[in-house]
file upload_16.tsv (TSV, C-alpha atoms)
chain	number	residue	atom	x	y	z
A	1	MET	CA	120.68	17.89	14.54
A	2	ALA	CA	123.42	17.51	17.14
A	3	ALA	CA	122.65	16.28	20.66
A	4	ALA	CA	123.37	19.73	22.13
A	5	ASP	CA	120.88	21.30	19.70
A	6	ALA	CA	118.29	18.72	20.71
A	7	VAL	CA	118.83	19.56	24.36
A	8	ARG	CA	118.30	23.28	23.71
A	9	PHE	CA	115.17	22.43	21.75
A	10	GLY	CA	113.80	20.31	24.59
A	11	ALA	CA	114.58	22.95	27.21
A	12	ALA	CA	112.84	25.63	25.17
A	13	LEU	CA	109.60	23.64	25.31
A	14	VAL	CA	109.39	23.95	29.10
A	15	ARG	CA	107.73	27.25	29.98
A	16	PRO	CA	108.37	28.15	33.63
A	17	HIS	CA	105.75	29.54	35.99
A	18	PRO	CA	106.05	33.36	36.16
A	19	ALA	CA	107.15	33.24	39.82
A	20	LEU	CA	109.78	30.56	39.24
A	21	PRO	CA	112.71	32.81	38.21
A	22	LEU	CA	112.41	34.84	41.43
A	23	ARG	CA	112.32	31.71	43.59
A	24	VAL	CA	115.33	30.24	41.79
A	25	ALA	CA	117.19	33.55	42.16
A	26	ARG	CA	116.63	33.50	45.93
A	27	GLU	CA	117.91	29.93	46.16
A	28	TRP	CA	120.91	30.76	43.97
A	29	ALA	CA	121.74	33.74	46.18
A	30	SER	CA	121.45	31.70	49.38
A	31	THR	CA	124.81	30.01	48.72
A	32	LEU	CA	126.43	32.62	46.48
A	33	ARG	CA	128.61	34.08	49.24
A	34	THR	CA	130.96	31.64	50.91
A	35	ALA	CA	130.38	33.25	54.30
A	36	ALA	CA	126.64	32.61	54.07
A	37	ARG	CA	126.92	28.91	53.33
A	38	PRO	CA	126.11	26.25	55.94
A	39	VAL	CA	129.04	24.52	57.58
A	40	PRO	CA	129.91	21.55	55.36
A	41	PRO	CA	130.02	18.04	56.81
A	42	ALA	CA	133.52	16.80	57.55
A	43	GLY	CA	134.62	14.75	54.58
A	44	ASP	CA	137.92	13.34	55.87
A	45	GLY	CA	138.90	12.59	52.29
A	46	ARG	CA	135.72	10.67	51.50
A	47	PRO	CA	134.99	10.38	47.76
A	48	VAL	CA	131.71	11.71	46.35
A	49	LEU	CA	130.43	11.39	42.78
A	50	LEU	CA	128.08	14.15	41.59
A	51	ILE	CA	125.56	13.23	38.85
A	52	PRO	CA	123.57	16.03	37.15
A	53	GLY	CA	119.92	15.98	36.13
A	54	PHE	CA	118.03	15.78	32.85
A	55	LEU	CA	119.21	18.32	30.25
A	56	ALA	CA	122.09	19.30	32.58
A	57	GLY	CA	125.79	18.59	32.82
A	58	ASP	CA	128.48	18.47	35.48
A	59	PRO	CA	128.78	22.29	35.80
A	60	SER	CA	125.25	22.39	37.26
A	61	LEU	CA	126.58	20.81	40.49
A	62	ALA	CA	129.88	22.70	40.58
A	63	ARG	CA	128.91	24.94	43.50
A	64	LEU	CA	127.68	21.99	45.57
A	65	GLY	CA	130.95	20.22	44.81
A	66	GLY	CA	132.97	23.23	45.94
A	67	TRP	CA	131.08	23.34	49.23
A	68	LEU	CA	131.79	19.66	49.87
A	69	ARG	CA	135.47	20.11	49.01
A	70	SER	CA	135.66	22.92	51.57
A	71	GLY	CA	134.73	20.29	54.15
A	72	GLY	CA	137.45	17.88	53.06
A	73	TRP	CA	135.55	15.74	50.55
A	74	ARG	CA	137.15	14.47	47.34
A	75	THR	CA	134.63	15.28	44.61
A	76	TYR	CA	134.41	13.59	41.23
A	77	ARG	CA	132.49	14.56	38.13
A	78	SER	CA	130.30	12.11	36.26
A	79	GLY	CA	131.65	13.01	32.82
A	80	ILE	CA	128.12	13.88	31.64
A	81	ALA	CA	127.85	16.93	29.37
A	82	THR	CA	124.08	16.77	28.89
A	83	ASN	CA	122.11	14.06	30.67
A	84	VAL	CA	120.03	12.84	27.74
A	85	ASP	CA	121.70	9.60	26.66
A	86	CYS	CA	120.22	6.09	26.82
A	87	THR	CA	119.81	5.13	30.47
A	88	GLU	CA	121.64	1.80	30.19
A	89	ARG	CA	124.56	3.38	28.35
A	90	ILE	CA	124.92	6.07	31.02
A	91	VAL	CA	124.68	3.62	33.92
A	92	ALA	CA	127.26	1.32	32.31
A	93	ARG	CA	129.69	4.23	31.95
A	94	LEU	CA	128.99	5.42	35.49
A	95	GLU	CA	129.56	1.93	36.87
A	96	ARG	CA	133.05	1.96	35.40
A	97	ARG	CA	133.53	5.42	36.88
A	98	VAL	CA	132.43	4.21	40.32
A	99	GLU	CA	134.83	1.24	40.12
A	100	ASP	CA	137.71	3.57	39.27
A	101	ILE	CA	136.91	6.05	42.05
A	102	ALA	CA	136.51	3.36	44.71
A	103	GLU	CA	139.77	1.70	43.68
A	104	ARG	CA	141.70	4.96	43.80
A	105	ALA	CA	140.12	6.07	47.07
A	106	GLY	CA	140.39	2.67	48.73
A	107	ARG	CA	136.85	2.98	50.09
A	108	PRO	CA	133.21	3.05	48.99
A	109	LEU	CA	131.87	6.38	47.80
A	110	THR	CA	128.92	8.66	48.26
A	111	ILE	CA	126.74	9.42	45.23
A	112	VAL	CA	124.77	12.66	45.04
A	113	GLY	CA	122.40	12.85	42.08
A	114	GLN	CA	119.99	15.60	41.11
A	115	SER	CA	116.76	14.69	39.32
A	116	ARG	CA	117.57	12.02	36.68
A	117	GLY	CA	121.07	11.84	38.18
A	118	GLY	CA	119.63	10.45	41.41
A	119	THR	CA	117.65	7.84	39.49
A	120	LEU	CA	120.87	6.74	37.80
A	121	GLY	CA	122.54	6.72	41.22
A	122	ARG	CA	119.88	4.38	42.60
A	123	ALA	CA	120.52	1.91	39.79
A	124	LEU	CA	124.26	2.09	40.52
A	125	ALA	CA	123.76	1.46	44.24
A	126	VAL	CA	121.62	-1.60	43.49
A	127	ARG	CA	124.19	-2.96	41.05
A	128	ARG	CA	127.26	-2.21	43.11
A	129	PRO	CA	126.41	-1.97	46.83
A	130	ASP	CA	129.99	-3.06	47.52
A	131	LEU	CA	131.22	0.26	46.13
A	132	VAL	CA	128.55	2.69	47.39
A	133	ASP	CA	128.42	3.92	50.98
A	134	THR	CA	125.62	6.50	50.65
A	135	LEU	CA	123.13	7.62	48.00
A	136	VAL	CA	121.60	11.09	48.08
A	137	THR	CA	118.87	11.93	45.58
A	138	LEU	CA	117.65	15.49	44.96
A	139	GLY	CA	114.18	15.60	43.45
A	140	SER	CA	114.68	12.28	41.66
A	141	PRO	CA	111.74	10.36	40.11
A	142	VAL	CA	112.91	6.97	41.32
A	143	ARG	CA	109.41	5.45	41.61
A	144	ASP	CA	108.41	6.51	38.10
A	145	GLN	CA	111.03	7.86	35.70
A	146	LEU	CA	108.28	9.57	33.69
A	147	GLY	CA	106.57	10.93	36.79
A	148	VAL	CA	106.91	14.56	35.72
A	149	HIS	CA	104.56	17.50	35.22
A	150	PRO	CA	102.98	17.99	31.76
A	151	ARG	CA	105.30	20.81	30.62
A	152	THR	CA	108.35	18.69	31.39
A	153	ARG	CA	106.77	15.65	29.74
A	154	ILE	CA	106.70	17.63	26.50
A	155	ALA	CA	110.47	18.15	26.65
A	156	VAL	CA	111.12	14.50	27.56
A	157	THR	CA	108.90	13.33	24.70
A	158	ALA	CA	110.58	15.68	22.23
A	159	VAL	CA	114.10	14.53	23.12
A	160	GLY	CA	112.98	10.90	23.08
A	161	LEU	CA	111.43	11.34	19.64
A	162	LEU	CA	114.69	12.76	18.29
A	163	GLY	CA	116.58	9.80	19.76
A	164	THR	CA	114.07	7.39	18.26
A	165	VAL	CA	114.59	8.75	14.76
A	166	GLY	CA	118.34	8.37	15.10
A	167	VAL	CA	119.89	11.51	16.60
A	168	PRO	CA	123.02	10.12	18.32
A	169	GLY	CA	123.62	10.55	22.05
A	170	LEU	CA	119.94	10.75	23.01
A	171	PHE	CA	117.63	8.28	24.73
A	172	SER	CA	114.77	6.95	22.64
A	173	HIS	CA	111.22	5.92	23.42
A	174	ARG	CA	112.47	2.31	23.41
A	175	CYS	CA	114.34	3.08	26.64
A	176	SER	CA	111.06	3.28	28.57
A	177	SER	CA	109.75	-0.11	27.50
A	178	GLY	CA	112.21	-1.89	25.21
A	179	PRO	CA	114.86	-4.50	25.99
A	180	CYS	CA	117.79	-2.06	25.82
A	181	CYS	CA	117.04	-0.65	29.27
A	182	ALA	CA	115.12	-3.54	30.83
A	183	GLN	CA	117.84	-4.26	33.41
A	184	VAL	CA	118.31	-0.67	34.49
A	185	ARG	CA	114.54	-0.20	34.84
A	186	ALA	CA	114.50	-3.24	37.11
A	187	ASP	CA	117.47	-1.90	39.10
A	188	VAL	CA	115.79	1.45	39.71
A	189	LEU	CA	112.72	-0.26	41.19
A	190	ALA	CA	114.52	-3.12	42.98
A	191	PRO	CA	114.67	-3.33	46.80
A	192	PHE	CA	117.44	-1.06	47.98
A	193	PRO	CA	120.57	-2.72	49.43
A	194	PRO	CA	120.29	-2.72	53.25
A	195	GLY	CA	123.98	-1.91	53.76
A	196	VAL	CA	123.84	1.38	51.84
A	197	ARG	CA	122.51	4.59	53.39
A	198	TYR	CA	119.85	6.32	51.28
A	199	VAL	CA	118.64	9.92	51.67
A	200	ALA	CA	115.95	11.29	49.33
A	201	VAL	CA	115.35	15.04	49.29
A	202	TYR	CA	112.14	16.14	47.61
A	203	SER	CA	110.10	19.32	47.36
A	204	PRO	CA	106.33	19.66	47.79
A	205	LEU	CA	106.63	22.65	45.42
A	206	ASP	CA	108.57	20.79	42.71
A	207	GLU	CA	107.70	22.29	39.32
A	208	ILE	CA	109.34	19.50	37.30
A	209	VAL	CA	108.92	16.12	39.03
A	210	ARG	CA	105.77	14.87	40.71
A	211	VAL	CA	106.25	14.48	44.45
A	212	GLU	CA	104.95	10.92	44.59
A	213	ALA	CA	107.63	9.82	42.10
A	214	CYS	CA	110.34	10.85	44.59
A	215	LEU	CA	108.94	9.06	47.65
A	216	ASP	CA	110.98	5.89	47.82
A	217	PRO	CA	109.94	3.89	50.91
A	218	ASP	CA	113.49	2.55	51.21
A	219	ALA	CA	114.92	6.06	51.75
A	220	GLU	CA	115.03	8.59	54.55
A	221	GLN	CA	112.71	11.17	52.99
A	222	ILE	CA	113.36	14.88	53.58
A	223	ALA	CA	110.85	17.50	52.39
A	224	ILE	CA	112.25	20.95	51.62
A	225	PRO	CA	110.08	23.59	49.88
A	226	THR	CA	112.55	24.46	47.15
A	227	THR	CA	112.37	24.57	43.37
A	228	HIS	CA	113.52	21.61	41.34
A	229	VAL	CA	116.12	23.49	39.34
A	230	GLY	CA	117.43	25.35	42.39
A	231	MET	CA	117.70	22.33	44.67
A	232	GLY	CA	121.44	21.92	44.13
A	233	VAL	CA	122.23	25.47	45.29
A	234	ASP	CA	119.63	25.97	48.04
A	235	ALA	CA	121.16	26.55	51.48
A	236	ARG	CA	118.29	24.64	53.10
A	237	VAL	CA	119.17	21.54	51.09
A	238	TRP	CA	122.85	21.91	51.91
A	239	ARG	CA	122.05	22.26	55.61
A	240	ALA	CA	120.03	19.02	55.52
A	241	LEU	CA	122.83	17.22	53.69
A	242	GLY	CA	125.37	18.56	56.17
A	243	GLU	CA	123.45	16.93	58.99
A	244	ARG	CA	123.05	13.57	57.21
A	245	LEU	CA	126.60	13.27	55.89
A	246	LEU	CA	128.40	13.84	59.17
A	247	THR	CA	128.90	10.11	59.65
A	248	HIS	CA	129.79	7.34	57.25
A	249	ARG	CA	130.20	3.59	57.09
A	250	GLY	CA	133.20	3.28	54.78
A	251	THR	CA	136.73	3.18	56.17
A	252	PRO	CA	139.98	3.87	54.30
A	253	ASN	CA	141.54	0.94	52.43
A	254	ALA	CA	138.67	-1.36	53.34
A	255	PRO	CA	135.97	-1.35	50.67
A	256	ARG	CA	132.90	-3.30	51.69
call {"tool": "encode", "arguments": {"input": "upload_16.tsv", "output": "structure tokens"}}
result
Amino acid sequence: MAAADAVRFGAALVRPHPALPLRVAREWASTLRTAARPVPPAGDGRPVLLIPGFLAGDPSLARLGGWLRSGGWRTYRSGIATNVDCTERIVARLERRVEDIAERAGRPLTIVGQSRGGTLGRALAVRRPDLVDTLVTLGSPVRDQLGVHPRTRIAVTAVGLLGTVGVPGLFSHRCSSGPCCAQVRADVLAPFPPGVRYVAVYSPLDEIVRVEACLDPDAEQIAIPTTHVGMGVDARVWRALGERLLTHRGTPNAPR
């Protein structure tokens, strides 16, 4: 079984609530027309790395990236096709990506991560606070990476089982307790660097991740009643980000 087949298998195990498709459709429509979108924060050429969530790839954050670019941001993809690989392997690749972006931009960058992508972003900010100006997490289980609702736990367990028996490109059950990911688990839970801004958006209606798993005491916490899967396209989320990303600490050609 290929990794992509495993991802489709895992996604098929998650049965959505009957009302979920309508809610997601409303959120999708809220930013569909360019004229209806909130005014983006002024980017002034600032670099931003977008990291997708579990079972997702870079295209899932394409609309959010386009909105930021319309405000003058320089957006960068993570290079993730389906976010199901071993956590340490992904973070190691992303760290090299962050180094490259910061060097080319001549300044620290902003990281925006949805769901598992935000958890990876937190580990990156802890490892490389010299290269990260701001971290934004969208429904990310940073306090407990397995802090998800039962239906989602089934999909996580299924993908992990496939990785455990040797399907390449997937995390395994050893990632949650074994030595391979011990450092990244510690990074996710470590005290957050004081010089990096941290904004955590969460939803009290989240159908995937448990709310308490998103409530990092080191972050500015913002509650928005959106769905988990629609968080990256919801105009209410964009409006909140627009307000928080108006200012920045990094300056051109002077990485911290």
call {"tool": "residues_around", "arguments": {"input": "upload_16.tsv", "residues": "Leu241 of chain A", "least_positions_apart": "2", "cutoff": "10 Å", "atoms": "only C-alpha atoms", "output": "list in words"}}
result
Pro38, Pro40, Pro41, Val112, Val136, Val199, Val201, Ile222, Ala235, Arg236, Val237, Trp238, Arg239, Glu243, Arg244, Leu245 and Leu246 of chain A
call {"tool": "residues_around", "arguments": {"input": "upload_16.tsv", "residues": "Leu109 of chain A", "least_positions_apart": "5", "cutoff": "12 Å", "atoms": "all atoms listed in the file", "output": "ChimeraX atom specification"}}
result
/A:43,45-50,73-76,97-104,121,124-125,128-136,196-197,245,248-252,254-256
call {"tool": "residues_around", "arguments": {"input": "upload_16.tsv", "residues": "Met231 of chain A", "least_positions_apart": "3", "cutoff": "8 Å", "atoms": "only C-alpha atoms", "output": "compact mmCIF listing (two decimals) with C-alpha atoms, in the coordinates of the input"}}
result
# COMPACT_ATOMS: atom_id res chain seq x y z
CA GLU A 27 117.91 29.93 46.16
CA GLN A 114 119.99 15.60 41.11
CA LEU A 138 117.65 15.49 44.96
CA GLY A 139 114.18 15.60 43.45
CA THR A 226 112.55 24.46 47.15
CA THR A 227 112.37 24.57 43.37
CA HIS A 228 113.52 21.61 41.34
CA ASP A 234 119.63 25.97 48.04
CA VAL A 237 119.17 21.54 51.09
call {"tool": "axis_aligned_box", "arguments": {"input": "upload_16.tsv", "around": "segment 86-90 of chain A", "padding_each_side": "8 Å", "output": "AutoDock Vina command-line options"}}
result
--center_x 122.4 --center_y 3.9 --center_z 28.9 --size_x 21.1 --size_y 20.3 --size_z 20.2
call {"tool": "closest_residue", "arguments": {"input": "upload_16.tsv", "among": "A:Glu88, A:Asp216, A:Asp58, A:Asp44", "to": "Cys181 of chain A", "atoms": "all atoms listed in the file"}}
result
A:Glu88
call {"tool": "build_atoms", "arguments": {"input": "upload_16.tsv", "residues": "segment 89-117 of chain A", "atoms": "N, CA and C atoms", "output": "short mmCIF file (atom, residue, chain, number, x, y, z; two decimals), keeping the file's coordinate frame"}}
result
data_model
loop_
_atom_site.label_atom_id
_atom_site.label_comp_id
_atom_site.auth_asym_id
_atom_site.auth_seq_id
_atom_site.Cartn_x
_atom_site.Cartn_y
_atom_site.Cartn_z
N ARG A 89 123.21 2.96 28.74
CA ARG A 89 124.56 3.38 28.35
C ARG A 89 125.19 4.26 29.42
N ILE A 90 124.39 5.18 29.98
CA ILE A 90 124.92 6.07 31.02
C ILE A 90 125.29 5.28 32.26
N VAL A 91 124.41 4.38 32.70
CA VAL A 91 124.68 3.62 33.92
C VAL A 91 125.92 2.74 33.74
N ALA A 92 126.07 2.15 32.56
CA ALA A 92 127.26 1.32 32.31
C ALA A 92 128.53 2.15 32.41
N ARG A 93 128.51 3.37 31.86
CA ARG A 93 129.69 4.23 31.95
C ARG A 93 129.93 4.66 33.39
N LEU A 94 128.85 4.99 34.09
CA LEU A 94 128.99 5.42 35.49
C LEU A 94 129.47 4.28 36.38
N GLU A 95 129.08 3.06 36.07
CA GLU A 95 129.56 1.93 36.87
C GLU A 95 131.07 1.80 36.76
N ARG A 96 131.59 1.98 35.56
CA ARG A 96 133.05 1.96 35.40
C ARG A 96 133.70 3.12 36.15
N ARG A 97 133.03 4.26 36.15
CA ARG A 97 133.53 5.42 36.88
C ARG A 97 133.57 5.14 38.38
N VAL A 98 132.51 4.54 38.90
CA VAL A 98 132.43 4.21 40.32
C VAL A 98 133.54 3.22 40.69
N GLU A 99 133.76 2.22 39.86
CA GLU A 99 134.83 1.24 40.12
C GLU A 99 136.19 1.94 40.21
N ASP A 100 136.43 2.86 39.29
CA ASP A 100 137.71 3.57 39.27
C ASP A 100 137.88 4.44 40.51
N ILE A 101 136.83 5.16 40.88
CA ILE A 101 136.91 6.05 42.05
C ILE A 101 137.14 5.24 43.32
N ALA A 102 136.38 4.17 43.50
CA ALA A 102 136.51 3.36 44.71
C ALA A 102 137.90 2.72 44.81
N GLU A 103 138.44 2.30 43.67
CA GLU A 103 139.77 1.70 43.68
C GLU A 103 140.82 2.73 44.07
N ARG A 104 140.71 3.93 43.49
CA ARG A 104 141.70 4.96 43.80
C ARG A 104 141.58 5.46 45.24
N ALA A 105 140.34 5.56 45.72
CA ALA A 105 140.12 6.07 47.07
C ALA A 105 140.34 5.01 48.14
N GLY A 106 140.24 3.74 47.75
CA GLY A 106 140.39 2.67 48.73
C GLY A 106 139.22 2.56 49.68
N ARG A 107 138.05 3.02 49.25
CA ARG A 107 136.85 2.98 50.09
C ARG A 107 135.61 3.18 49.23
N PRO A 108 134.45 2.79 49.72
CA PRO A 108 133.21 3.05 48.99
C PRO A 108 132.96 4.56 48.91
N LEU A 109 132.10 4.96 47.99
CA LEU A 109 131.87 6.38 47.80
C LEU A 109 130.43 6.77 48.05
N THR A 110 130.25 8.07 48.18
CA THR A 110 128.92 8.66 48.26
C THR A 110 128.53 9.12 46.87
N ILE A 111 127.27 8.93 46.50
CA ILE A 111 126.74 9.42 45.23
C ILE A 111 125.67 10.46 45.54
N VAL A 112 125.79 11.64 44.94
CA VAL A 112 124.77 12.66 45.04
C VAL A 112 124.26 12.93 43.63
N GLY A 113 122.97 12.66 43.40
CA GLY A 113 122.40 12.85 42.08
C GLY A 113 121.19 13.74 42.12
N GLN A 114 121.15 14.71 41.20
CA GLN A 114 119.99 15.60 41.11
C GLN A 114 119.07 15.12 40.01
N SER A 115 117.78 15.06 40.29
CA SER A 115 116.76 14.69 39.32
C SER A 115 117.10 13.34 38.66
N ARG A 116 117.24 13.29 37.34
CA ARG A 116 117.57 12.02 36.68
C ARG A 116 118.89 11.45 37.19
N GLY A 117 119.80 12.33 37.64
CA GLY A 117 121.07 11.84 38.18
C GLY A 117 120.89 10.97 39.40
#
